[in-house]
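Asks: Structure file coords.cif (mmCIF, C-alpha atoms and all ligand atoms) is given on the next line.
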```
data_data
#
loop_
_atom_site.group_PDB
_atom_site.id
_atom_site.type_symbol
_atom_site.label_atom_id
_atom_site.label_comp_id
_atom_site.auth_asym_id
_atom_site.auth_seq_id
_atom_site.Cartn_x
_atom_site.Cartn_y
_atom_site.Cartn_z
ATOM 1 C CA MET J 1 0.000 0.000 0.000
ATOM 2 C CA ARG J 2 1.357 3.332 -1.067
ATOM 3 C CA VAL J 3 0.170 6.455 0.716
ATOM 4 C CA VAL J 4 0.826 10.175 0.448
ATOM 5 C CA VAL J 5 0.144 12.113 3.657
ATOM 6 C CA SER J 6 -0.043 15.881 3.444
ATOM 7 C CA ILE J 7 0.710 17.364 6.857
ATOM 8 C CA GLY J 8 -0.451 20.980 6.702
ATOM 9 C CA GLY J 9 1.870 23.622 8.108
ATOM 10 C CA SER J 10 -0.789 24.663 10.597
ATOM 11 C CA VAL J 11 -0.861 21.058 11.860
ATOM 12 C CA LEU J 12 2.868 20.262 11.875
ATOM 13 C CA ALA J 13 4.263 23.634 12.836
ATOM 14 C CA PRO J 14 1.786 26.327 13.873
ATOM 15 C CA GLU J 15 4.788 27.271 15.979
ATOM 16 C CA LEU J 16 7.987 25.311 16.477
ATOM 17 C CA ASP J 17 7.305 22.474 18.899
ATOM 18 C CA PRO J 18 9.585 19.417 18.752
ATOM 19 C CA GLY J 19 6.990 17.322 20.592
ATOM 20 C CA ARG J 20 4.393 17.950 17.912
ATOM 21 C CA VAL J 21 6.796 17.066 15.100
ATOM 22 C CA GLU J 22 7.775 13.925 17.039
ATOM 23 C CA GLY J 23 4.104 12.910 17.255
ATOM 24 C CA HIS J 24 3.672 13.118 13.485
ATOM 25 C CA ALA J 25 6.953 11.303 12.880
ATOM 26 C CA ALA J 26 5.862 8.477 15.198
ATOM 27 C CA VAL J 27 2.730 7.935 13.120
ATOM 28 C CA VAL J 28 4.639 7.992 9.831
ATOM 29 C CA GLU J 29 7.105 5.437 11.273
ATOM 30 C CA SER J 30 4.312 3.275 12.570
ATOM 31 C CA LEU J 31 2.629 3.275 9.137
ATOM 32 C CA ALA J 32 5.941 2.302 7.546
ATOM 33 C CA ARG J 33 6.251 -0.589 10.031
ATOM 34 C CA GLU J 34 2.747 -1.685 9.023
ATOM 35 C CA GLY J 35 4.028 -2.028 5.471
ATOM 36 C CA CYS J 36 3.048 1.332 3.987
ATOM 37 C CA GLU J 37 5.250 2.936 1.377
ATOM 38 C CA ILE J 38 4.825 6.448 2.598
ATOM 39 C CA ALA J 39 5.534 9.937 1.329
ATOM 40 C CA ALA J 40 4.885 12.952 3.547
ATOM 41 C CA VAL J 41 4.379 16.453 2.153
ATOM 42 C CA VAL J 42 4.686 19.213 4.729
ATOM 43 C CA GLY J 43 3.505 22.814 4.750
ATOM 44 C CA GLY J 44 5.107 26.018 5.967
ATOM 45 C CA GLY J 45 3.020 26.867 9.025
ATOM 46 C CA GLY J 46 3.450 29.890 11.258
ATOM 47 C CA VAL J 47 7.132 30.354 10.439
ATOM 48 C CA ALA J 48 6.372 30.628 6.704
ATOM 49 C CA ARG J 49 3.657 33.173 7.411
ATOM 50 C CA GLU J 50 6.049 35.265 9.529
ATOM 51 C CA TYR J 51 8.729 35.244 6.836
ATOM 52 C CA ILE J 52 6.221 36.038 4.092
ATOM 53 C CA THR J 53 4.745 38.954 6.079
ATOM 54 C CA ALA J 54 8.205 40.379 6.779
ATOM 55 C CA ALA J 55 9.326 39.992 3.151
ATOM 56 C CA ARG J 56 6.093 41.587 1.882
ATOM 57 C CA ASP J 57 6.784 44.599 4.110
ATOM 58 C CA LEU J 58 10.253 44.726 2.565
ATOM 59 C CA GLY J 59 8.762 44.940 -0.941
ATOM 60 C CA ALA J 60 9.179 41.338 -2.183
ATOM 61 C CA ASN J 61 6.907 40.379 -5.086
ATOM 62 C CA GLU J 62 4.502 37.413 -4.980
ATOM 63 C CA VAL J 63 6.887 34.994 -6.664
ATOM 64 C CA GLN J 64 9.639 35.927 -4.216
ATOM 65 C CA LEU J 65 7.176 35.411 -1.353
ATOM 66 C CA ASP J 66 6.292 31.985 -2.706
ATOM 67 C CA GLN J 67 9.995 31.133 -2.958
ATOM 68 C CA ILE J 68 10.421 32.056 0.700
ATOM 69 C CA GLY J 69 7.384 29.920 1.539
ATOM 70 C CA ILE J 70 8.894 26.976 -0.374
ATOM 71 C CA ASP J 71 12.189 27.349 1.487
ATOM 72 C CA VAL J 72 10.350 27.204 4.823
ATOM 73 C CA THR J 73 8.355 24.120 3.785
ATOM 74 C CA ARG J 74 11.686 22.442 2.988
ATOM 75 C CA ILE J 75 13.066 23.423 6.396
ATOM 76 C CA ASN J 76 9.958 21.866 7.960
ATOM 77 C CA ALA J 77 10.590 18.780 5.825
ATOM 78 C CA ARG J 78 14.079 18.602 7.348
ATOM 79 C CA LEU J 79 12.524 18.891 10.801
ATOM 80 C CA LEU J 80 10.259 15.906 10.165
ATOM 81 C CA ILE J 81 13.189 13.986 8.636
ATOM 82 C CA ALA J 82 15.222 14.699 11.785
ATOM 83 C CA ALA J 83 12.466 13.128 13.867
ATOM 84 C CA LEU J 84 12.074 10.140 11.503
ATOM 85 C CA GLY J 85 15.631 8.850 11.666
ATOM 86 C CA GLU J 86 16.988 5.944 9.651
ATOM 87 C CA ARG J 87 14.030 4.952 7.457
ATOM 88 C CA ALA J 88 13.707 8.393 5.907
ATOM 89 C CA ASP J 89 15.619 9.710 2.928
ATOM 90 C CA PRO J 90 17.890 12.263 4.664
ATOM 91 C CA THR J 91 17.258 14.986 2.052
ATOM 92 C CA PRO J 92 13.853 16.505 1.285
ATOM 93 C CA ALA J 93 12.784 15.595 -2.253
ATOM 94 C CA TYR J 94 12.963 18.699 -4.443
ATOM 95 C CA ASP J 95 10.726 17.286 -7.145
ATOM 96 C CA TYR J 96 8.432 14.349 -7.910
ATOM 97 C CA ASP J 97 11.178 12.280 -9.557
ATOM 98 C CA GLU J 98 13.316 12.442 -6.425
ATOM 99 C CA ALA J 99 10.359 11.510 -4.235
ATOM 100 C CA GLY J 100 9.437 8.620 -6.553
ATOM 101 C CA ASP J 101 13.035 7.330 -6.550
ATOM 102 C CA ALA J 102 13.155 7.408 -2.739
ATOM 103 C CA ILE J 103 9.908 5.448 -2.465
ATOM 104 C CA ARG J 104 11.180 2.844 -4.929
ATOM 105 C CA ARG J 105 14.324 2.470 -2.811
ATOM 106 C CA GLY J 106 12.089 1.742 0.187
ATOM 107 C CA ASP J 107 12.755 5.034 1.988
ATOM 108 C CA ILE J 108 10.177 7.241 3.612
ATOM 109 C CA THR J 109 10.326 10.430 1.564
ATOM 110 C CA VAL J 110 9.468 13.908 2.792
ATOM 111 C CA MET J 111 9.002 16.948 0.599
ATOM 112 C CA GLY J 112 7.824 20.529 0.830
ATOM 113 C CA GLY J 113 6.907 22.911 -1.969
ATOM 114 C CA VAL J 114 8.165 22.737 -5.536
ATOM 115 C CA MET J 115 7.239 25.893 -7.442
ATOM 116 C CA PRO J 116 5.605 29.308 -6.999
ATOM 117 C CA GLY J 117 1.884 29.854 -7.496
ATOM 118 C CA GLN J 118 0.535 26.935 -5.474
ATOM 119 C CA THR J 119 0.674 25.378 -2.022
ATOM 120 C CA THR J 120 1.791 22.015 -0.709
ATOM 121 C CA ASP J 121 -1.831 20.808 -1.060
ATOM 122 C CA ALA J 122 -1.219 20.668 -4.803
ATOM 123 C CA VAL J 123 2.212 19.089 -4.325
ATOM 124 C CA ALA J 124 0.616 16.247 -2.357
ATOM 125 C CA ALA J 125 -2.056 15.675 -5.019
ATOM 126 C CA ALA J 126 0.510 15.692 -7.842
ATOM 127 C CA LEU J 127 2.844 13.382 -5.931
ATOM 128 C CA ALA J 128 -0.008 10.958 -5.192
ATOM 129 C CA GLU J 129 -0.795 10.815 -8.901
ATOM 130 C CA TYR J 130 2.900 10.546 -9.846
ATOM 131 C CA VAL J 131 3.635 7.591 -7.550
ATOM 132 C CA ASN J 132 0.244 5.990 -8.251
ATOM 133 C CA ALA J 133 -0.710 6.071 -4.566
ATOM 134 C CA ASP J 134 -3.565 3.985 -3.170
ATOM 135 C CA LEU J 135 -4.586 6.837 -0.911
ATOM 136 C CA LEU J 136 -3.999 10.542 -0.328
ATOM 137 C CA VAL J 137 -4.648 11.931 3.161
ATOM 138 C CA TYR J 138 -4.805 15.624 4.016
ATOM 139 C CA ALA J 139 -4.107 16.236 7.706
ATOM 140 C CA THR J 140 -5.461 19.759 8.083
ATOM 141 C CA SER J 141 -6.615 22.025 10.898
ATOM 142 C CA VAL J 142 -10.303 21.582 10.014
ATOM 143 C CA ASP J 143 -12.086 18.262 10.404
ATOM 144 C CA GLY J 144 -13.217 17.879 6.817
ATOM 145 C CA VAL J 145 -14.712 19.707 3.868
ATOM 146 C CA TYR J 146 -17.575 22.066 4.736
ATOM 147 C CA SER J 147 -20.077 23.970 2.626
ATOM 148 C CA ALA J 148 -18.600 27.215 4.045
ATOM 149 C CA ASP J 149 -15.885 28.180 6.525
ATOM 150 C CA PRO J 150 -17.009 26.561 9.826
ATOM 151 C CA ARG J 151 -14.879 29.061 11.764
ATOM 152 C CA SER J 152 -16.920 32.015 10.560
ATOM 153 C CA ASP J 153 -20.249 30.542 9.391
ATOM 154 C CA ASP J 154 -22.504 28.750 11.920
ATOM 155 C CA GLY J 155 -24.568 27.302 9.067
ATOM 156 C CA ALA J 156 -21.574 25.519 7.522
ATOM 157 C CA GLU J 157 -22.269 21.809 6.991
ATOM 158 C CA LYS J 158 -19.669 19.071 6.806
ATOM 159 C CA PHE J 159 -19.724 16.700 3.858
ATOM 160 C CA PRO J 160 -19.013 13.105 4.962
ATOM 161 C CA GLU J 161 -18.409 12.137 1.328
ATOM 162 C CA LEU J 162 -17.891 13.903 -1.999
ATOM 163 C CA THR J 163 -16.879 12.887 -5.491
ATOM 164 C CA PRO J 164 -13.769 14.648 -6.800
ATOM 165 C CA THR J 165 -15.967 16.718 -9.129
ATOM 166 C CA GLU J 166 -18.167 17.765 -6.190
ATOM 167 C CA LEU J 167 -14.999 18.693 -4.262
ATOM 168 C CA VAL J 168 -13.999 21.059 -7.081
ATOM 169 C CA GLU J 169 -17.504 22.563 -7.094
ATOM 170 C CA VAL J 170 -17.325 23.198 -3.327
ATOM 171 C CA ILE J 171 -13.808 24.654 -3.471
ATOM 172 C CA VAL J 172 -14.287 27.013 -6.457
ATOM 173 C CA PRO J 173 -16.415 29.631 -4.632
ATOM 174 C CA MET J 174 -14.213 29.389 -1.509
ATOM 175 C CA SER J 175 -11.097 30.065 -3.587
ATOM 176 C CA ARG J 176 -12.516 33.399 -4.708
ATOM 177 C CA ASP J 177 -12.391 34.765 -1.124
ATOM 178 C CA ALA J 178 -9.361 36.714 -0.074
ATOM 179 C CA GLY J 179 -7.444 34.589 2.435
ATOM 180 C CA SER J 180 -9.188 31.482 1.167
ATOM 181 C CA SER J 181 -10.728 29.239 3.795
ATOM 182 C CA ALA J 182 -10.671 26.183 1.536
ATOM 183 C CA PRO J 183 -9.453 23.012 3.314
ATOM 184 C CA VAL J 184 -7.465 22.099 0.181
ATOM 185 C CA ASP J 185 -6.595 24.520 -2.579
ATOM 186 C CA LEU J 186 -8.310 24.547 -5.956
ATOM 187 C CA LEU J 187 -5.352 23.187 -7.900
ATOM 188 C CA ALA J 188 -5.178 20.235 -5.514
ATOM 189 C CA ALA J 189 -8.913 19.578 -5.989
ATOM 190 C CA LYS J 190 -8.516 19.695 -9.772
ATOM 191 C CA LEU J 191 -5.569 17.295 -9.662
ATOM 192 C CA ILE J 192 -7.619 14.916 -7.490
ATOM 193 C CA GLU J 193 -10.445 15.169 -10.025
ATOM 194 C CA ARG J 194 -8.085 14.502 -12.927
ATOM 195 C CA SER J 195 -6.427 11.496 -11.338
ATOM 196 C CA GLY J 196 -9.524 10.087 -9.600
ATOM 197 C CA MET J 197 -7.393 9.745 -6.451
ATOM 198 C CA ARG J 198 -9.084 8.262 -3.360
ATOM 199 C CA THR J 199 -8.605 11.013 -0.795
ATOM 200 C CA ILE J 200 -9.424 11.763 2.840
ATOM 201 C CA VAL J 201 -9.519 15.236 4.403
ATOM 202 C CA LEU J 202 -9.360 15.089 8.193
ATOM 203 C CA ASP J 203 -8.393 16.963 11.334
ATOM 204 C CA GLY J 204 -4.735 16.093 11.731
ATOM 205 C CA THR J 205 -4.064 17.975 14.948
ATOM 206 C CA ASP J 206 -4.009 14.561 16.647
ATOM 207 C CA PRO J 207 -1.688 12.477 14.420
ATOM 208 C CA ALA J 208 -3.306 9.233 15.642
ATOM 209 C CA ARG J 209 -6.270 10.106 13.399
ATOM 210 C CA VAL J 210 -4.017 9.843 10.367
ATOM 211 C CA GLU J 211 -3.008 6.319 11.377
ATOM 212 C CA ALA J 212 -6.595 5.075 11.745
ATOM 213 C CA ALA J 213 -7.561 6.691 8.440
ATOM 214 C CA VAL J 214 -4.648 5.215 6.499
ATOM 215 C CA LEU J 215 -4.829 1.712 7.967
ATOM 216 C CA ARG J 216 -8.562 1.204 8.235
ATOM 217 C CA GLY J 217 -10.302 4.114 6.530
ATOM 218 C CA GLU J 218 -11.670 5.172 9.933
ATOM 219 C CA HIS J 219 -11.928 8.917 10.481
ATOM 220 C CA GLY J 220 -14.396 11.696 11.161
ATOM 221 C CA GLY J 221 -13.477 13.807 8.156
ATOM 222 C CA THR J 222 -14.509 13.818 4.509
ATOM 223 C CA ASP J 223 -14.023 10.956 2.051
ATOM 224 C CA ILE J 224 -13.370 11.976 -1.535
ATOM 225 C CA VAL J 225 -14.505 8.922 -3.452
ATOM 226 C CA PRO J 226 -14.031 8.776 -7.224
ATOM 227 C CA GLU J 227 -16.918 7.529 -9.361
ATOM 228 C CA SER J 228 -14.924 4.334 -9.986
ATOM 229 C CA GLY J 229 -14.840 3.572 -6.245
ATOM 230 C CA GLY J 230 -11.107 3.224 -5.749
ATOM 231 C CA GLU J 231 -11.281 1.891 -2.175
ATOM 232 C CA PRO J 232 -7.733 0.831 -1.217
ATOM 233 C CA SER J 233 -7.812 -2.969 -1.481
ATOM 234 C CA TYR J 234 -5.772 -3.435 1.718
ATOM 235 C CA TRP J 235 -8.634 -2.043 3.864
ATOM 236 C CA ALA J 236 -10.607 -5.210 3.195
ATOM 237 C CA GLN J 237 -7.812 -7.330 4.704
ATOM 238 C CA ARG J 238 -7.721 -5.444 8.029
HETATM 239 P P1 LIG M 1 1.782 25.857 2.453
HETATM 240 O O1 LIG M 1 1.492 24.697 1.606
HETATM 241 O O2 LIG M 1 2.040 25.624 3.898
HETATM 242 O O3 LIG M 1 0.696 26.985 2.239
HETATM 243 O O4 LIG M 1 3.041 26.611 1.840
HETATM 244 P P2 LIG M 1 -0.619 27.378 3.010
HETATM 245 O O5 LIG M 1 -1.675 26.422 2.647
HETATM 246 O O6 LIG M 1 -0.807 28.817 2.620
HETATM 247 O O7 LIG M 1 -0.262 27.288 4.562
HETATM 248 P P3 LIG M 1 -1.041 26.559 5.761
HETATM 249 O O8 LIG M 1 -0.891 25.074 5.550
HETATM 250 O O9 LIG M 1 -2.451 27.026 5.706
HETATM 251 O O10 LIG M 1 -0.282 27.030 6.975
HETATM 252 C C1 LIG M 1 3.491 27.847 2.379
HETATM 253 C C2 LIG M 1 3.694 28.834 1.267
HETATM 254 O O11 LIG M 1 4.768 28.394 0.413
HETATM 255 C C3 LIG M 1 4.506 28.748 -0.941
HETATM 256 C C4 LIG M 1 3.196 29.516 -0.938
HETATM 257 O O12 LIG M 1 3.488 30.906 -0.814
HETATM 258 C C5 LIG M 1 2.512 29.006 0.330
HETATM 259 O O13 LIG M 1 1.550 29.913 0.829
HETATM 260 N N1 LIG M 1 4.507 27.522 -1.787
HETATM 261 C C6 LIG M 1 4.370 26.282 -1.232
HETATM 262 C C7 LIG M 1 4.671 27.646 -3.150
HETATM 263 O O14 LIG M 1 4.772 28.749 -3.693
HETATM 264 N N2 LIG M 1 4.716 26.518 -3.919
HETATM 265 C C8 LIG M 1 4.624 25.273 -3.401
HETATM 266 O O15 LIG M 1 4.716 24.262 -4.172
HETATM 267 C C9 LIG M 1 4.420 25.156 -2.018
#
```
Is it possible to give me this structure as structure tokens?
Replies:
Amino acid sequence: MRVVVSIGGSVLAPELDPGRVEGHAAVVESLAREGCEIAAVVGGGGVAREYITAARDLGANEVQLDQIGIDVTRINARLLIAALGERADPTPAYDYDEAGDAIRRGDITVMGGVMPGQTTDAVAAALAEYVNADLLVYATSVDGVYSADPRSDDGAEKFPELTPTELVEVIVPMSRDAGSSAPVDLLAAKLIERSGMRTIVLDGTDPARVEAAVLRGEHGGTDIVPESGGEPSYWAQR
């Protein structure tokens, strides 16, 4: 079973806390011990936001800001690698080929961003398609995909299940807001739609939820189920 786990920056590193990073690493290691070929994609978190705000004040353009964001995601990747130890490729993958090579070697691979104009949500979706993953899991700071931002709209309803096309339809209006509240970005949703990737969006603040979702499909978030089904076959054996 091959799995891509996207650990959002706000989940892995809202601020720098070695204990939190250790908790996520322990789950990734445990999944690897269970026989998962696993790739983790990590976001920038609070540190990225601080750098981007400071650089914006200094007059950096949007591409330069994205480059700073990418650098911070790669530093966070190194942080997770430090906690993972021996089974992880010691260098963050800089592109999909490097990540694919590491997985084929049997290493846990960790990567951050790759190019301006997107977020690590899209990196995770592209990597999942590239390595032909059985499952893509987004560990985010919200517990699924809602009809509106649950933090600001009391009437927001959580979707237990969506097709990839429905996911795109839900995300499109959210992406038009400034400071988008979308749980995954629009490019990621479109990549999931294109690949028909079986995906879960869940609250990853407790990393144990990622483990239950990957191993057994048990979670309280949102299942993105392609029209073809695409249930990972290993779930049936557990
Ligand atoms: P994140 O993936 O963490 O972005 O990348 P985010 O979704 O805005 O942050 P969280 O998860 O909610 O905290 C951080 C920043 O790095 C740049 C973008 O500027 C992004 O906002 N980035 C990341 C890229 O430009 N390209 C990438 O491939 C990845």
Asks: Could you write out as lines of an AutoDock Vina configuration file the box around ligand LIG 1 (chain M) (axis-aligned, all atoms listed in the file, 6 Å on each side), with centre and edge lengths in Å to one decimal?
Replies:
```
center_x = 1.2
center_y = 27.6
center_z = 1.4
size_x = 19.2
size_y = 18.6
size_z = 23.1
```
Asks: Report as a list of chain:residue names the residues that result from applying the PyMOL selection byres (((chain J and resi 31-38) around 7) and not hetatm) to the structure here.
Replies: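 This file, filtered by the PyMOL selection byres (((chain J and resi 31-38) around 7) and not hetatm), leaves J:Met1, J:Arg2, J:Val3, J:Val4, J:Val27, J:Val28, J:Glu29, J:Ser30, J:Ala39, J:Ala40, J:Ile103, J:Ile108, J:Thr109, J:Glu211.
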Asks: Using only C-alpha atoms and all ligand atoms, find each residue of chain J with at least one atom at most 10 Å away from an atom of ligand LIG 1 (chain M); report its shortest atom-to-atom pair and that distance in Å (one decimal), sort the rows by chain and rising residue number, and return the result as a tab-separated table.
Replies:
```
residue	atom	partner	partner_atom	distance
J:Ser6	CA	M:LIG1	O1	9.1
J:Ile7	CA	M:LIG1	O8	8.0
J:Gly8	CA	M:LIG1	O8	4.3
J:Gly9	CA	M:LIG1	O8	4.0
J:Ser10	CA	M:LIG1	O10	4.4
J:Val11	CA	M:LIG1	O8	7.5
J:Leu12	CA	M:LIG1	O8	8.8
J:Ala13	CA	M:LIG1	O10	8.2
J:Pro14	CA	M:LIG1	O10	7.2
J:Val41	CA	M:LIG1	O1	8.8
J:Val42	CA	M:LIG1	O2	7.0
J:Gly43	CA	M:LIG1	O2	3.3
J:Gly44	CA	M:LIG1	O2	3.7
J:Gly45	CA	M:LIG1	O10	3.9
J:Gly46	CA	M:LIG1	O10	6.4
J:Val47	CA	M:LIG1	O10	8.8
J:Ala48	CA	M:LIG1	C1	5.9
J:Arg49	CA	M:LIG1	O10	7.3
J:Tyr51	CA	M:LIG1	C2	9.9
J:Ile52	CA	M:LIG1	O12	7.6
J:Glu62	CA	M:LIG1	O12	7.8
J:Val63	CA	M:LIG1	O14	7.2
J:Gln64	CA	M:LIG1	O12	8.6
J:Leu65	CA	M:LIG1	O12	5.8
J:Asp66	CA	M:LIG1	O12	3.6
J:Gln67	CA	M:LIG1	O14	5.8
J:Ile68	CA	M:LIG1	O11	6.7
J:Gly69	CA	M:LIG1	O11	3.2
J:Ile70	CA	M:LIG1	O11	4.4
J:Asp71	CA	M:LIG1	O11	7.6
J:Val72	CA	M:LIG1	O11	7.2
J:Thr73	CA	M:LIG1	O4	6.2
J:Arg74	CA	M:LIG1	C9	9.2
J:Asn76	CA	M:LIG1	O2	9.7
J:Tyr94	CA	M:LIG1	O15	10.0
J:Asp95	CA	M:LIG1	O15	9.7
J:Met111	CA	M:LIG1	O15	9.7
J:Gly112	CA	M:LIG1	C9	6.4
J:Gly113	CA	M:LIG1	C9	3.4
J:Val114	CA	M:LIG1	O15	4.0
J:Met115	CA	M:LIG1	N2	4.4
J:Pro116	CA	M:LIG1	O14	3.5
J:Gly117	CA	M:LIG1	O14	4.9
J:Gln118	CA	M:LIG1	N2	4.5
J:Thr119	CA	M:LIG1	C9	3.8
J:Thr120	CA	M:LIG1	O1	3.6
J:Asp121	CA	M:LIG1	O1	5.8
J:Ala122	CA	M:LIG1	O15	7.0
J:Val123	CA	M:LIG1	O15	5.7
J:Ala124	CA	M:LIG1	O15	9.2
J:Ala139	CA	M:LIG1	O8	9.6
J:Thr140	CA	M:LIG1	O8	7.5
J:Ser141	CA	M:LIG1	O9	8.3
J:Gly179	CA	M:LIG1	O6	8.8
J:Ser180	CA	M:LIG1	O6	8.9
J:Ser181	CA	M:LIG1	O9	8.8
J:Ala182	CA	M:LIG1	O5	9.1
J:Pro183	CA	M:LIG1	O9	8.4
J:Val184	CA	M:LIG1	O5	7.6
J:Asp185	CA	M:LIG1	O5	7.4
```
Asks: Quote the spacing between CA of Gly217 in chain J and CA of Ser233 in chain J in Å to one decimal place.
Replies: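 Straight-line distance from CA of Gly217 in chain J to CA of Ser233 in chain J works out to 11.0 Å.
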Asks: Going by the chain IDs and residue numbers used in this file, which residues fall under the PyMOL selection byres (((chain J and resi 85) around 12) and not hetatm)? Write them as a list in words.
Replies: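 Taken on the displayed file, the PyMOL selection byres (((chain J and resi 85) around 12) and not hetatm) yields the residues Glu22, Ala25, Ala26, Val28, Glu29, Arg78, Leu79, Leu80, Ile81, Ala82, Ala83, Leu84, Glu86, Arg87, Ala88, Asp89, Pro90, Thr91, Asp107, Ile108, Thr109 and Val110 of chain J.
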Asks: I'd like to know which of J:Gly144, J:Pro232, J:Gly106, J:Gly23 is closest to Lys158 in chain J, using only C-alpha atoms.
Replies: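 Residue with the minimum atom-to-atom distance to Lys158 in chain J: J:Gly144.
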Asks: Do you know which residues lie at most 8 Å from (-25.4, 20.7, 1.3), with coordinates as in the file and all atoms listed in the file counted, and could you write them as number ranges by chain?
Replies: J: 147, 157, 159
